[in-house]
file my_file.pdb (PDB, C-alpha atoms)
ATOM      1  CA  MET C   1     102.030 100.643 121.399
ATOM      2  CA  LEU C   2     102.435  99.901 117.721
ATOM      3  CA  SER C   3      99.541  99.573 115.334
ATOM      4  CA  THR C   4      99.168  98.593 111.687
ATOM      5  CA  ARG C   5      97.948 102.071 110.731
ATOM      6  CA  ALA C   6      99.821 103.615 107.789
ATOM      7  CA  LEU C   7     101.552 106.414 109.704
ATOM      8  CA  GLU C   8     104.491 108.194 108.113
ATOM      9  CA  GLY C   9     107.647 107.583 110.143
ATOM     10  CA  ALA C  10     106.215 104.722 112.213
ATOM     11  CA  PRO C  11     107.673 101.196 112.159
ATOM     12  CA  ASN C  12     105.866  99.149 109.519
ATOM     13  CA  TRP C  13     108.122  96.103 109.103
ATOM     14  CA  ILE C  14     110.779  94.083 110.889
ATOM     15  CA  ASP C  15     112.970  91.238 109.754
ATOM     16  CA  LEU C  16     115.601  88.837 110.966
ATOM     17  CA  ALA C  17     118.912  87.971 109.313
ATOM     18  CA  THR C  18     120.348  84.714 110.624
ATOM     19  CA  PRO C  19     123.149  82.288 109.738
ATOM     20  CA  ASP C  20     120.855  79.297 110.354
ATOM     21  CA  LEU C  21     117.404  79.973 108.975
ATOM     22  CA  ASP C  22     116.020  76.553 109.843
ATOM     23  CA  GLY C  23     117.352  76.790 113.404
ATOM     24  CA  ALA C  24     115.979  80.305 113.860
ATOM     25  CA  LEU C  25     112.589  79.282 112.495
ATOM     26  CA  ALA C  26     112.438  76.421 114.988
ATOM     27  CA  PHE C  27     113.427  78.745 117.843
ATOM     28  CA  TYR C  28     110.904  81.494 117.128
ATOM     29  CA  GLY C  29     108.244  78.990 116.152
ATOM     30  CA  ALA C  30     108.522  77.451 119.613
ATOM     31  CA  LEU C  31     108.414  80.865 121.335
ATOM     32  CA  PHE C  32     105.716  82.625 119.320
ATOM     33  CA  GLY C  33     104.014  80.025 117.120
ATOM     34  CA  TRP C  34     105.311  81.597 113.901
ATOM     35  CA  ARG C  35     105.321  79.727 110.596
ATOM     36  CA  PHE C  36     107.532  80.552 107.598
ATOM     37  CA  ARG C  37     106.258  81.264 104.094
ATOM     38  CA  SER C  38     109.060  81.449 101.526
ATOM     39  CA  LEU C  39     108.859  84.037  98.765
ATOM     40  CA  GLY C  40     110.500  81.593  96.382
ATOM     41  CA  PRO C  41     113.929  81.120  94.790
ATOM     42  CA  ASP C  42     114.097  84.649  93.385
ATOM     43  CA  ALA C  43     113.937  86.100  96.916
ATOM     44  CA  GLY C  44     117.287  84.667  98.013
ATOM     45  CA  GLY C  45     115.809  82.712 100.885
ATOM     46  CA  TYR C  46     113.656  85.572 102.179
ATOM     47  CA  GLY C  47     110.209  84.800 103.488
ATOM     48  CA  PHE C  48     107.393  85.948 105.735
ATOM     49  CA  LEU C  49     106.942  84.880 109.354
ATOM     50  CA  GLN C  50     103.244  84.409 109.953
ATOM     51  CA  LEU C  51     100.932  83.899 112.903
ATOM     52  CA  ASP C  52      97.477  82.517 112.141
ATOM     53  CA  GLY C  53      98.022  83.391 108.491
ATOM     54  CA  ARG C  54      98.990  87.024 109.146
ATOM     55  CA  THR C  55     102.481  88.321 108.422
ATOM     56  CA  VAL C  56     104.233  89.554 111.576
ATOM     57  CA  ALA C  57     107.886  89.724 110.408
ATOM     58  CA  GLY C  58     110.315  88.663 107.708
ATOM     59  CA  ALA C  59     113.362  86.393 107.837
ATOM     60  CA  MET C  60     116.343  85.627 105.632
ATOM     61  CA  PRO C  61     119.689  83.819 105.793
ATOM     62  CA  THR C  62     122.885  85.813 106.136
ATOM     63  CA  GLY C  63     125.689  85.464 103.624
ATOM     64  CA  ALA C  64     126.273  86.809 100.130
ATOM     65  CA  GLY C  65     127.290  90.181 101.533
ATOM     66  CA  ARG C  66     124.329  90.567 103.856
ATOM     67  CA  GLU C  67     124.595  92.163 107.273
ATOM     68  CA  LEU C  68     125.446  90.450 110.537
ATOM     69  CA  PRO C  69     122.760  88.382 112.279
ATOM     70  CA  GLY C  70     120.093  90.410 114.008
ATOM     71  CA  TRP C  71     116.696  92.070 113.877
ATOM     72  CA  THR C  72     116.213  95.212 111.774
ATOM     73  CA  VAL C  73     113.390  97.718 112.201
ATOM     74  CA  TYR C  74     111.842  99.425 109.151
ATOM     75  CA  PHE C  75     110.140 102.836 109.198
ATOM     76  CA  ARG C  76     107.419 103.850 106.765
ATOM     77  CA  THR C  77     108.106 106.588 104.244
ATOM     78  CA  GLU C  78     106.519 107.920 101.093
ATOM     79  CA  ASP C  79     109.939 108.880  99.708
ATOM     80  CA  ALA C  80     112.897 106.579 100.413
ATOM     81  CA  GLU C  81     115.277 108.753  98.402
ATOM     82  CA  ALA C  82     114.466 111.854 100.427
ATOM     83  CA  VAL C  83     114.968 110.000 103.710
ATOM     84  CA  ALA C  84     118.320 108.613 102.567
ATOM     85  CA  GLU C  85     119.486 112.097 101.576
ATOM     86  CA  ALA C  86     118.309 113.482 104.925
ATOM     87  CA  ALA C  87     120.212 110.753 106.776
ATOM     88  CA  GLU C  88     123.428 111.702 105.021
ATOM     89  CA  ARG C  89     122.897 115.382 105.799
ATOM     90  CA  ALA C  90     122.368 114.455 109.471
ATOM     91  CA  ARG C  91     125.744 112.618 109.500
ATOM     92  CA  GLY C  92     124.240 109.184 109.178
ATOM     93  CA  SER C  93     125.154 106.627 106.511
ATOM     94  CA  VAL C  94     123.451 105.098 103.499
ATOM     95  CA  LEU C  95     124.476 101.440 103.639
ATOM     96  CA  SER C  96     122.279 100.461 100.702
ATOM     97  CA  ALA C  97     120.731 103.032  98.378
ATOM     98  CA  PRO C  98     116.963 103.038  97.825
ATOM     99  CA  GLY C  99     115.859 100.373  95.400
ATOM    100  CA  GLU C 100     112.878  98.304  94.309
ATOM    101  CA  VAL C 101     112.193  95.012  96.092
ATOM    102  CA  MET C 102     110.396  92.590  93.781
ATOM    103  CA  GLY C 103     107.651  95.127  93.100
ATOM    104  CA  LEU C 104     106.617  94.999  96.762
ATOM    105  CA  GLY C 105     108.021  98.436  97.626
ATOM    106  CA  ARG C 106     111.211 100.466  97.839
ATOM    107  CA  MET C 107     113.781 100.004 100.569
ATOM    108  CA  ALA C 108     116.949 101.689 101.818
ATOM    109  CA  VAL C 109     119.361 100.516 104.505
ATOM    110  CA  LEU C 110     120.630 103.367 106.687
ATOM    111  CA  ALA C 111     122.580 103.958 109.882
ATOM    112  CA  ASP C 112     122.157 106.855 112.264
ATOM    113  CA  ALA C 113     125.028 109.038 113.443
ATOM    114  CA  ALA C 114     125.821 106.609 116.279
ATOM    115  CA  GLY C 115     125.830 103.586 113.978
ATOM    116  CA  ALA C 116     122.408 102.069 114.717
ATOM    117  CA  VAL C 117     121.205 100.334 111.550
ATOM    118  CA  PHE C 118     117.611 100.763 110.382
ATOM    119  CA  ARG C 119     115.699 100.558 107.140
ATOM    120  CA  VAL C 120     112.972 102.570 105.508
ATOM    121  CA  TRP C 121     110.129 101.054 103.529
ATOM    122  CA  GLN C 122     108.208 102.907 100.863
ATOM    123  CA  PRO C 123     105.127 100.750 100.367
ATOM    124  CA  GLY C 124     104.182  99.293  97.040
ATOM    125  CA  GLU C 125     102.230  96.066  96.930
ATOM    126  CA  VAL C 126     103.111  95.435 100.578
ATOM    127  CA  GLU C 127     102.104  98.169 103.031
ATOM    128  CA  GLY C 128     103.560  96.576 106.156
ATOM    129  CA  LEU C 129     102.843  94.089 108.908
ATOM    130  CA  ASP C 130      99.418  92.503 109.162
ATOM    131  CA  ALA C 131      99.309  92.487 112.971
ATOM    132  CA  ALA C 132     100.935  94.321 115.863
ATOM    133  CA  SER C 133     100.644  94.743 119.647
ATOM    134  CA  GLU C 134      98.986  91.407 120.314
ATOM    135  CA  PRO C 135     100.593  88.195 121.623
ATOM    136  CA  GLY C 136     103.281  86.955 119.251
ATOM    137  CA  THR C 137     103.672  90.243 117.355
ATOM    138  CA  LEU C 138     105.821  93.360 117.432
ATOM    139  CA  CYS C 139     104.525  95.896 119.949
ATOM    140  CA  TRP C 140     107.379  98.339 120.693
ATOM    141  CA  VAL C 141     110.837  99.354 119.453
ATOM    142  CA  GLU C 142     113.590 100.894 121.531
ATOM    143  CA  LEU C 143     116.758 102.649 120.438
ATOM    144  CA  HIS C 144     119.801 101.980 122.624
ATOM    145  CA  THR C 145     122.308 104.758 121.987
ATOM    146  CA  PRO C 146     125.082 106.603 123.828
ATOM    147  CA  ASP C 147     123.448 110.038 123.400
ATOM    148  CA  VAL C 148     119.665 110.284 123.701
ATOM    149  CA  ALA C 149     119.444 113.958 122.748
ATOM    150  CA  ALA C 150     121.602 113.510 119.654
ATOM    151  CA  ALA C 151     119.587 110.476 118.578
ATOM    152  CA  ALA C 152     116.297 112.327 119.044
ATOM    153  CA  ALA C 153     117.618 115.191 116.906
ATOM    154  CA  PHE C 154     118.764 112.792 114.166
ATOM    155  CA  TYR C 155     115.439 110.991 113.823
ATOM    156  CA  GLN C 156     113.530 114.242 113.960
ATOM    157  CA  ARG C 157     115.555 115.558 111.033
ATOM    158  CA  VAL C 158     115.404 112.330 109.043
ATOM    159  CA  LEU C 159     111.935 110.911 109.768
ATOM    160  CA  GLY C 160     110.234 113.807 111.529
ATOM    161  CA  LEU C 161     109.816 111.750 114.697
ATOM    162  CA  GLU C 162     108.684 113.541 117.828
ATOM    163  CA  THR C 163     109.793 112.762 121.385
ATOM    164  CA  SER C 164     108.292 113.266 124.810
ATOM    165  CA  ALA C 165     109.472 112.549 128.354
ATOM    166  CA  THR C 166     107.570 110.121 130.561
ATOM    167  CA  ALA C 167     108.270 109.775 134.288
ATOM    168  CA  PHE C 168     108.723 106.312 135.785
ATOM    169  CA  PRO C 169     109.831 105.334 139.301
ATOM    170  CA  ASP C 170     113.448 104.855 138.190
ATOM    171  CA  GLY C 171     113.678 108.046 136.130
ATOM    172  CA  MET C 172     112.584 109.661 132.894
ATOM    173  CA  TYR C 173     111.997 107.715 129.683
ATOM    174  CA  THR C 174     112.088 109.271 126.213
ATOM    175  CA  CYS C 175     109.132 108.152 124.096
ATOM    176  CA  VAL C 176     108.884 108.430 120.293
ATOM    177  CA  ASN C 177     105.848 108.963 118.063
ATOM    178  CA  PRO C 178     105.232 109.710 114.360
ATOM    179  CA  PRO C 179     105.257 113.349 113.249
ATOM    180  CA  GLY C 180     102.078 115.237 114.041
ATOM    181  CA  ALA C 181     100.220 112.094 115.114
ATOM    182  CA  GLY C 182     100.048 112.784 118.857
ATOM    183  CA  GLU C 183     101.280 110.947 121.891
ATOM    184  CA  ASP C 184      98.559 108.293 121.613
ATOM    185  CA  THR C 185     100.586 106.909 118.667
ATOM    186  CA  VAL C 186     103.804 106.403 120.667
ATOM    187  CA  PHE C 187     105.562 103.344 119.267
ATOM    188  CA  GLY C 188     108.925 103.255 121.035
ATOM    189  CA  GLY C 189     111.561 104.870 123.150
ATOM    190  CA  VAL C 190     115.183 105.929 123.351
ATOM    191  CA  VAL C 191     117.473 104.874 126.198
ATOM    192  CA  ARG C 192     121.087 105.649 127.042
ATOM    193  CA  SER C 193     123.034 102.458 126.406
ATOM    194  CA  LEU C 194     125.949 103.565 128.590
ATOM    195  CA  ASP C 195     123.670 103.215 131.629
ATOM    196  CA  ASP C 196     122.604  99.665 130.756
ATOM    197  CA  PRO C 197     124.842  96.724 131.792
ATOM    198  CA  ALA C 198     123.153  94.489 129.210
ATOM    199  CA  ASP C 199     124.502  96.786 126.470
ATOM    200  CA  ALA C 200     128.162  96.416 127.503
ATOM    201  CA  GLY C 201     130.347  95.912 124.454
ATOM    202  CA  THR C 202     127.619  96.712 121.947
ATOM    203  CA  GLY C 203     127.126  99.668 119.681
ATOM    204  CA  ALA C 204     123.908 101.590 119.120
ATOM    205  CA  TYR C 205     120.993  99.445 117.956
ATOM    206  CA  TRP C 206     117.211  99.195 117.695
ATOM    207  CA  LEU C 207     115.674  96.564 120.001
ATOM    208  CA  PRO C 208     112.305  95.034 119.038
ATOM    209  CA  TYR C 209     109.776  94.047 121.709
ATOM    210  CA  PHE C 210     107.264  91.260 121.080
ATOM    211  CA  ALA C 211     104.055  90.986 123.091
ATOM    212  CA  VAL C 212     103.590  87.766 125.069
ATOM    213  CA  THR C 213     101.190  86.508 127.718
ATOM    214  CA  ASP C 214     103.906  85.073 129.996
ATOM    215  CA  PRO C 215     107.407  86.618 129.807
ATOM    216  CA  ASP C 216     108.758  84.205 132.436
ATOM    217  CA  ALA C 217     107.717  81.152 130.450
ATOM    218  CA  VAL C 218     109.074  82.625 127.214
ATOM    219  CA  ALA C 219     112.428  83.439 128.862
ATOM    220  CA  ASP C 220     112.679  79.880 130.221
ATOM    221  CA  LEU C 221     111.830  78.408 126.826
ATOM    222  CA  ALA C 222     114.327  80.673 125.062
ATOM    223  CA  ARG C 223     117.075  79.434 127.392
ATOM    224  CA  GLN C 224     116.074  75.816 126.842
ATOM    225  CA  ARG C 225     116.189  76.363 123.081
ATOM    226  CA  GLY C 226     119.739  77.757 123.134
ATOM    227  CA  GLY C 227     119.009  81.458 123.558
ATOM    228  CA  THR C 228     120.413  83.786 126.212
ATOM    229  CA  VAL C 229     118.596  85.761 128.883
ATOM    230  CA  LEU C 230     120.312  89.160 128.981
ATOM    231  CA  LEU C 231     117.831  90.669 131.421
ATOM    232  CA  PRO C 232     115.635  88.260 133.415
ATOM    233  CA  PRO C 233     111.898  88.890 133.623
ATOM    234  CA  THR C 234     111.372  92.127 135.511
ATOM    235  CA  THR C 235     108.256  94.064 136.442
ATOM    236  CA  VAL C 236     108.436  97.750 135.534
ATOM    237  CA  PRO C 237     105.741  99.727 137.384
ATOM    238  CA  GLY C 238     103.409 101.459 134.962
ATOM    239  CA  VAL C 239     104.675  99.406 132.020
ATOM    240  CA  GLY C 240     104.458  95.660 132.606
ATOM    241  CA  ARG C 241     106.698  92.623 132.872
ATOM    242  CA  THR C 242     109.547  92.350 130.404
ATOM    243  CA  ALA C 243     112.642  90.287 129.619
ATOM    244  CA  ARG C 244     115.525  90.885 127.222
ATOM    245  CA  LEU C 245     116.838  87.902 125.268
ATOM    246  CA  THR C 246     118.939  86.720 122.352
ATOM    247  CA  ASP C 247     118.248  83.846 120.017
ATOM    248  CA  PRO C 248     120.888  81.084 119.634
ATOM    249  CA  TYR C 249     122.671  83.144 116.949
ATOM    250  CA  GLY C 250     122.984  86.389 118.892
ATOM    251  CA  ALA C 251     119.986  88.377 117.595
ATOM    252  CA  ARG C 252     118.680  90.613 120.396
ATOM    253  CA  PHE C 253     115.000  91.056 121.179
ATOM    254  CA  ALA C 254     112.712  91.625 124.153
ATOM    255  CA  VAL C 255     109.332  90.325 125.240
ATOM    256  CA  ILE C 256     106.718  92.123 127.290
ATOM    257  CA  LYS C 257     103.341  91.665 128.883
ATOM    258  CA  GLY C 258     102.000  95.168 129.286
ATOM    259  CA  GLU C 259      99.827  96.365 132.106
ATOM    260  CA  PRO C 260      96.160  96.572 131.066
ATOM    261  CA  SER C 261      96.243 100.350 130.693
ATOM    262  CA  ARG C 262      99.185 100.109 128.261
ATOM    263  CA  SER C 263      98.413  96.918 126.386
TER
END
call {"tool": "encode", "arguments": {"input": "my_file.pdb", "output": "structure tokens"}}
result
Amino acid sequence: MLSTRALEGAPNWIDLATPDLDGALAFYGALFGWRFRSLGPDAGGYGFLQLDGRTVAGAMPTGAGRELPGWTVYFRTEDAEAVAEAAERARGSVLSAPGEVMGLGRMAVLADAAGAVFRVWQPGEVEGLDAASEPGTLCWVELHTPDVAAAAAFYQRVLGLETSATAFPDGMYTCVNPPGAGEDTVFGGVVRSLDDPADAGTGAYWLPYFAVTDPDAVADLARQRGGTVLLPPTTVPGVGRTARLTDPYGARFAVIKGEPSRS
């Protein structure tokens, strides 16, 4: 699972773009207990989502040329320019060139060769999230893509990420960890979207997982609050109980209660 350790290539931030910031804040506040702290008028509506005073995500309104609603995963780097250049060489795209963000760090918006959007964060004043892999926080990220091998090759070239195969009752799962950090730092996986009915009609994308104590209750509450249950709560042997959801504005995410050995 994810940690807050400063590991090169590991996810270190996540944020939400939404057409209704107040509505999204109410939705996620009900699900996870998050509170919003605005960064002020100069930040264009951007702010931190916090749990017990610790920052667990960011959020901003869409509009003014910003991307479509959804969650975006950030990966840590010491050199945003080098990563952007590597992405282009690997047939990805630079959607927004590396640039300073209010003195907090440097950021670039990229897309892999299959079109999955991600960002890189070169820390400045802000290193990354304050908490991870505990209830109400990010604990896992998963790339849904039409070609697992091609995706693994792309992220190895661009971020140095390493992959390994893990056997589960329903087949093999491709896990991802930071370069040279070992399999005990696995933070996510890669799955073939063409095999997943819940991905019908979507392109490649990164799916965030948030840890919860009761996925069934969270799925019910999400539905009551106007969200959609794409995949109802399901127990995956060796992993835990998980559900895949959207918020009322279409942003996809998942929740999971891991088995004790994987929590």
call {"tool": "closest_residue", "arguments": {"input": "my_file.pdb", "among": "C:Asp195, C:Asp147, C:Glu127, C:Asp247", "to": "Ala219 (chain C)", "atoms": "all atoms listed in the file"}}
result
C:Asp247
call {"tool": "closest_residue", "arguments": {"input": "my_file.pdb", "among": "C:Pro233, C:Gly171, C:Gly203, C:Gly238", "to": "Ala217 (chain C)", "atoms": "all atoms listed in the file"}}
result
C:Pro233
call {"tool": "closest_residue", "arguments": {"input": "my_file.pdb", "among": "C:Arg37, C:Arg76, C:Arg54, C:Arg223", "to": "Thr137 (chain C)", "atoms": "only C-alpha atoms"}}
result
C:Arg54
call {"tool": "closest_residue", "arguments": {"input": "my_file.pdb", "among": "C:Leu161, C:Val83, C:Ala132, C:Val239", "to": "Gly182 (chain C)", "atoms": "all atoms listed in the file"}}
result
C:Leu161
call {"tool": "axis_aligned_box", "arguments": {"input": "my_file.pdb", "around": "region 202-211 of chain C", "padding_each_side": "4 Å", "output": "AutoDock Vina command-line options"}}
result
--center_x 115.8 --center_y 96.3 --center_z 120.4 --size_x 31.6 --size_y 18.6 --size_z 13.4
call {"tool": "residues_around", "arguments": {"input": "my_file.pdb", "residues": "region 68-71 of chain C", "least_positions_apart": "6", "cutoff": "8 Å", "atoms": "only C-alpha atoms", "output": "list in words"}}
result
Ile14, Asp15, Leu16, Ala17, Thr18, Pro19, Thr62, Leu207, Pro208, Tyr249, Gly250, Ala251, Arg252 and Phe253 of chain C
call {"tool": "residues_around", "arguments": {"input": "my_file.pdb", "residues": "Phe32 (chain C)", "least_positions_apart": "4", "cutoff": "9 Å", "atoms": "all atoms listed in the file", "output": "ChimeraX atom specification"}}
result
/C:27-28,51,135-137,210,212,218
call {"tool": "resolve_selection", "arguments": {"input": "my_file.pdb", "expression": "the PyMOL selection byres ((chain C and resi 163) around 10)", "output": "MDAnalysis selection string"}}
result
chainID C and resid 149 152:153 155:156 160:162 164:166 173:179 183 186 188:190
call {"tool": "resolve_selection", "arguments": {"input": "my_file.pdb", "expression": "the PyMOL selection byres ((chain C and resi 39) around 12)", "output": "ChimeraX atom specification"}}
result
/C:36-38,40-49,58-60,101-102,104
call {"tool": "write_last_selection", "arguments": {"input": "my_file.pdb", "atoms": "C-alpha atoms", "output": "PDB file, in the coordinates of the input"}}
result
ATOM      1  CA  PHE C  36     107.532  80.552 107.598  1.00  0.00           C
ATOM      2  CA  ARG C  37     106.258  81.264 104.094  1.00  0.00           C
ATOM      3  CA  SER C  38     109.060  81.449 101.526  1.00  0.00           C
ATOM      4  CA  GLY C  40     110.500  81.593  96.382  1.00  0.00           C
ATOM      5  CA  PRO C  41     113.929  81.120  94.790  1.00  0.00           C
ATOM      6  CA  ASP C  42     114.097  84.649  93.385  1.00  0.00           C
ATOM      7  CA  ALA C  43     113.937  86.100  96.916  1.00  0.00           C
ATOM      8  CA  GLY C  44     117.287  84.667  98.013  1.00  0.00           C
ATOM      9  CA  GLY C  45     115.809  82.712 100.885  1.00  0.00           C
ATOM     10  CA  TYR C  46     113.656  85.572 102.179  1.00  0.00           C
ATOM     11  CA  GLY C  47     110.209  84.800 103.488  1.00  0.00           C
ATOM     12  CA  PHE C  48     107.393  85.948 105.735  1.00  0.00           C
ATOM     13  CA  LEU C  49     106.942  84.880 109.354  1.00  0.00           C
ATOM     14  CA  GLY C  58     110.315  88.663 107.708  1.00  0.00           C
ATOM     15  CA  ALA C  59     113.362  86.393 107.837  1.00  0.00           C
ATOM     16  CA  MET C  60     116.343  85.627 105.632  1.00  0.00           C
ATOM     17  CA  VAL C 101     112.193  95.012  96.092  1.00  0.00           C
ATOM     18  CA  MET C 102     110.396  92.590  93.781  1.00  0.00           C
ATOM     19  CA  LEU C 104     106.617  94.999  96.762  1.00  0.00           C
TER      20      LEU C 104
END
call {"tool": "build_atoms", "arguments": {"input": "my_file.pdb", "residues": "region 127-155 of chain C", "atoms": "N, CA and C atoms", "output": "PDB file, in the frame of the given file"}}
result
ATOM      1  N   GLU C 127     102.151  96.981 102.179  1.00  0.00           N
ATOM      2  CA  GLU C 127     102.104  98.169 103.031  1.00  0.00           C
ATOM      3  C   GLU C 127     102.948  97.985 104.277  1.00  0.00           C
ATOM      4  N   GLY C 128     102.829  96.823 104.918  1.00  0.00           N
ATOM      5  CA  GLY C 128     103.560  96.576 106.156  1.00  0.00           C
ATOM      6  C   GLY C 128     103.047  95.329 106.836  1.00  0.00           C
ATOM      7  N   LEU C 129     103.252  95.247 108.140  1.00  0.00           N
ATOM      8  CA  LEU C 129     102.843  94.089 108.908  1.00  0.00           C
ATOM      9  C   LEU C 129     101.317  93.986 108.971  1.00  0.00           C
ATOM     10  N   ASP C 130     100.857  92.740 109.080  1.00  0.00           N
ATOM     11  CA  ASP C 130      99.418  92.503 109.162  1.00  0.00           C
ATOM     12  C   ASP C 130      98.880  92.600 110.585  1.00  0.00           C
ATOM     13  N   ALA C 131      99.751  92.475 111.578  1.00  0.00           N
ATOM     14  CA  ALA C 131      99.309  92.487 112.971  1.00  0.00           C
ATOM     15  C   ALA C 131     100.403  93.078 113.842  1.00  0.00           C
ATOM     16  N   ALA C 132      99.985  93.729 114.926  1.00  0.00           N
ATOM     17  CA  ALA C 132     100.935  94.321 115.863  1.00  0.00           C
ATOM     18  C   ALA C 132     100.263  94.463 117.224  1.00  0.00           C
ATOM     19  N   SER C 133     101.088  94.478 118.277  1.00  0.00           N
ATOM     20  CA  SER C 133     100.644  94.743 119.647  1.00  0.00           C
ATOM     21  C   SER C 133      99.616  93.742 120.164  1.00  0.00           C
ATOM     22  N   GLU C 134      99.743  92.506 119.732  1.00  0.00           N
ATOM     23  CA  GLU C 134      98.986  91.407 120.314  1.00  0.00           C
ATOM     24  C   GLU C 134      99.957  90.246 120.499  1.00  0.00           C
ATOM     25  N   PRO C 135      99.624  89.256 121.328  1.00  0.00           N
ATOM     26  CA  PRO C 135     100.593  88.195 121.623  1.00  0.00           C
ATOM     27  C   PRO C 135     101.209  87.586 120.363  1.00  0.00           C
ATOM     28  N   GLY C 136     102.556  87.522 120.372  1.00  0.00           N
ATOM     29  CA  GLY C 136     103.281  86.955 119.251  1.00  0.00           C
ATOM     30  C   GLY C 136     103.618  87.934 118.155  1.00  0.00           C
ATOM     31  N   THR C 137     103.397  89.236 118.387  1.00  0.00           N
ATOM     32  CA  THR C 137     103.672  90.243 117.355  1.00  0.00           C
ATOM     33  C   THR C 137     104.488  91.396 117.932  1.00  0.00           C
ATOM     34  N   LEU C 138     105.053  92.189 117.041  1.00  0.00           N
ATOM     35  CA  LEU C 138     105.821  93.360 117.432  1.00  0.00           C
ATOM     36  C   LEU C 138     104.913  94.382 118.106  1.00  0.00           C
ATOM     37  N   CYS C 139     105.365  94.919 119.245  1.00  0.00           N
ATOM     38  CA  CYS C 139     104.525  95.896 119.949  1.00  0.00           C
ATOM     39  C   CYS C 139     105.275  97.171 120.333  1.00  0.00           C
ATOM     40  N   TRP C 140     106.602  97.187 120.220  1.00  0.00           N
ATOM     41  CA  TRP C 140     107.379  98.339 120.693  1.00  0.00           C
ATOM     42  C   TRP C 140     108.760  98.231 120.090  1.00  0.00           C
ATOM     43  N   VAL C 141     109.432  99.355 119.858  1.00  0.00           N
ATOM     44  CA  VAL C 141     110.837  99.354 119.453  1.00  0.00           C
ATOM     45  C   VAL C 141     111.577 100.354 120.323  1.00  0.00           C
ATOM     46  N   GLU C 142     112.827 100.064 120.597  1.00  0.00           N
ATOM     47  CA  GLU C 142     113.590 100.894 121.531  1.00  0.00           C
ATOM     48  C   GLU C 142     115.004 101.089 121.012  1.00  0.00           C
ATOM     49  N   LEU C 143     115.410 102.334 120.897  1.00  0.00           N
ATOM     50  CA  LEU C 143     116.758 102.649 120.438  1.00  0.00           C
ATOM     51  C   LEU C 143     117.702 102.735 121.638  1.00  0.00           C
ATOM     52  N   HIS C 144     118.749 101.932 121.614  1.00  0.00           N
ATOM     53  CA  HIS C 144     119.801 101.980 122.624  1.00  0.00           C
ATOM     54  C   HIS C 144     120.983 102.724 122.002  1.00  0.00           C
ATOM     55  N   THR C 145     121.345 103.850 122.602  1.00  0.00           N
ATOM     56  CA  THR C 145     122.308 104.758 121.987  1.00  0.00           C
ATOM     57  C   THR C 145     123.089 105.493 123.065  1.00  0.00           C
ATOM     58  N   PRO C 146     124.310 105.908 122.793  1.00  0.00           N
ATOM     59  CA  PRO C 146     125.082 106.603 123.828  1.00  0.00           C
ATOM     60  C   PRO C 146     124.610 108.024 124.122  1.00  0.00           C
ATOM     61  N   ASP C 147     123.854 108.641 123.221  1.00  0.00           N
ATOM     62  CA  ASP C 147     123.448 110.038 123.400  1.00  0.00           C
ATOM     63  C   ASP C 147     121.985 110.185 122.990  1.00  0.00           C
ATOM     64  N   VAL C 148     121.100 110.236 123.977  1.00  0.00           N
ATOM     65  CA  VAL C 148     119.665 110.284 123.701  1.00  0.00           C
ATOM     66  C   VAL C 148     119.285 111.557 122.953  1.00  0.00           C
ATOM     67  N   ALA C 149     119.804 112.692 123.385  1.00  0.00           N
ATOM     68  CA  ALA C 149     119.444 113.958 122.748  1.00  0.00           C
ATOM     69  C   ALA C 149     119.892 113.990 121.289  1.00  0.00           C
ATOM     70  N   ALA C 150     121.103 113.517 121.029  1.00  0.00           N
ATOM     71  CA  ALA C 150     121.602 113.510 119.654  1.00  0.00           C
ATOM     72  C   ALA C 150     120.780 112.569 118.781  1.00  0.00           C
ATOM     73  N   ALA C 151     120.403 111.427 119.333  1.00  0.00           N
ATOM     74  CA  ALA C 151     119.587 110.476 118.578  1.00  0.00           C
ATOM     75  C   ALA C 151     118.215 111.065 118.273  1.00  0.00           C
ATOM     76  N   ALA C 152     117.607 111.715 119.261  1.00  0.00           N
ATOM     77  CA  ALA C 152     116.297 112.327 119.044  1.00  0.00           C
ATOM     78  C   ALA C 152     116.370 113.378 117.938  1.00  0.00           C
ATOM     79  N   ALA C 153     117.446 114.170 117.932  1.00  0.00           N
ATOM     80  CA  ALA C 153     117.618 115.191 116.906  1.00  0.00           C
ATOM     81  C   ALA C 153     117.795 114.558 115.528  1.00  0.00           C
ATOM     82  N   PHE C 154     118.546 113.469 115.449  1.00  0.00           N
ATOM     83  CA  PHE C 154     118.764 112.792 114.166  1.00  0.00           C
ATOM     84  C   PHE C 154     117.440 112.306 113.578  1.00  0.00           C
ATOM     85  N   TYR C 155     116.667 111.571 114.363  1.00  0.00           N
ATOM     86  CA  TYR C 155     115.439 110.991 113.823  1.00  0.00           C
ATOM     87  C   TYR C 155     114.359 112.040 113.579  1.00  0.00           C
TER      88      TYR C 155
END
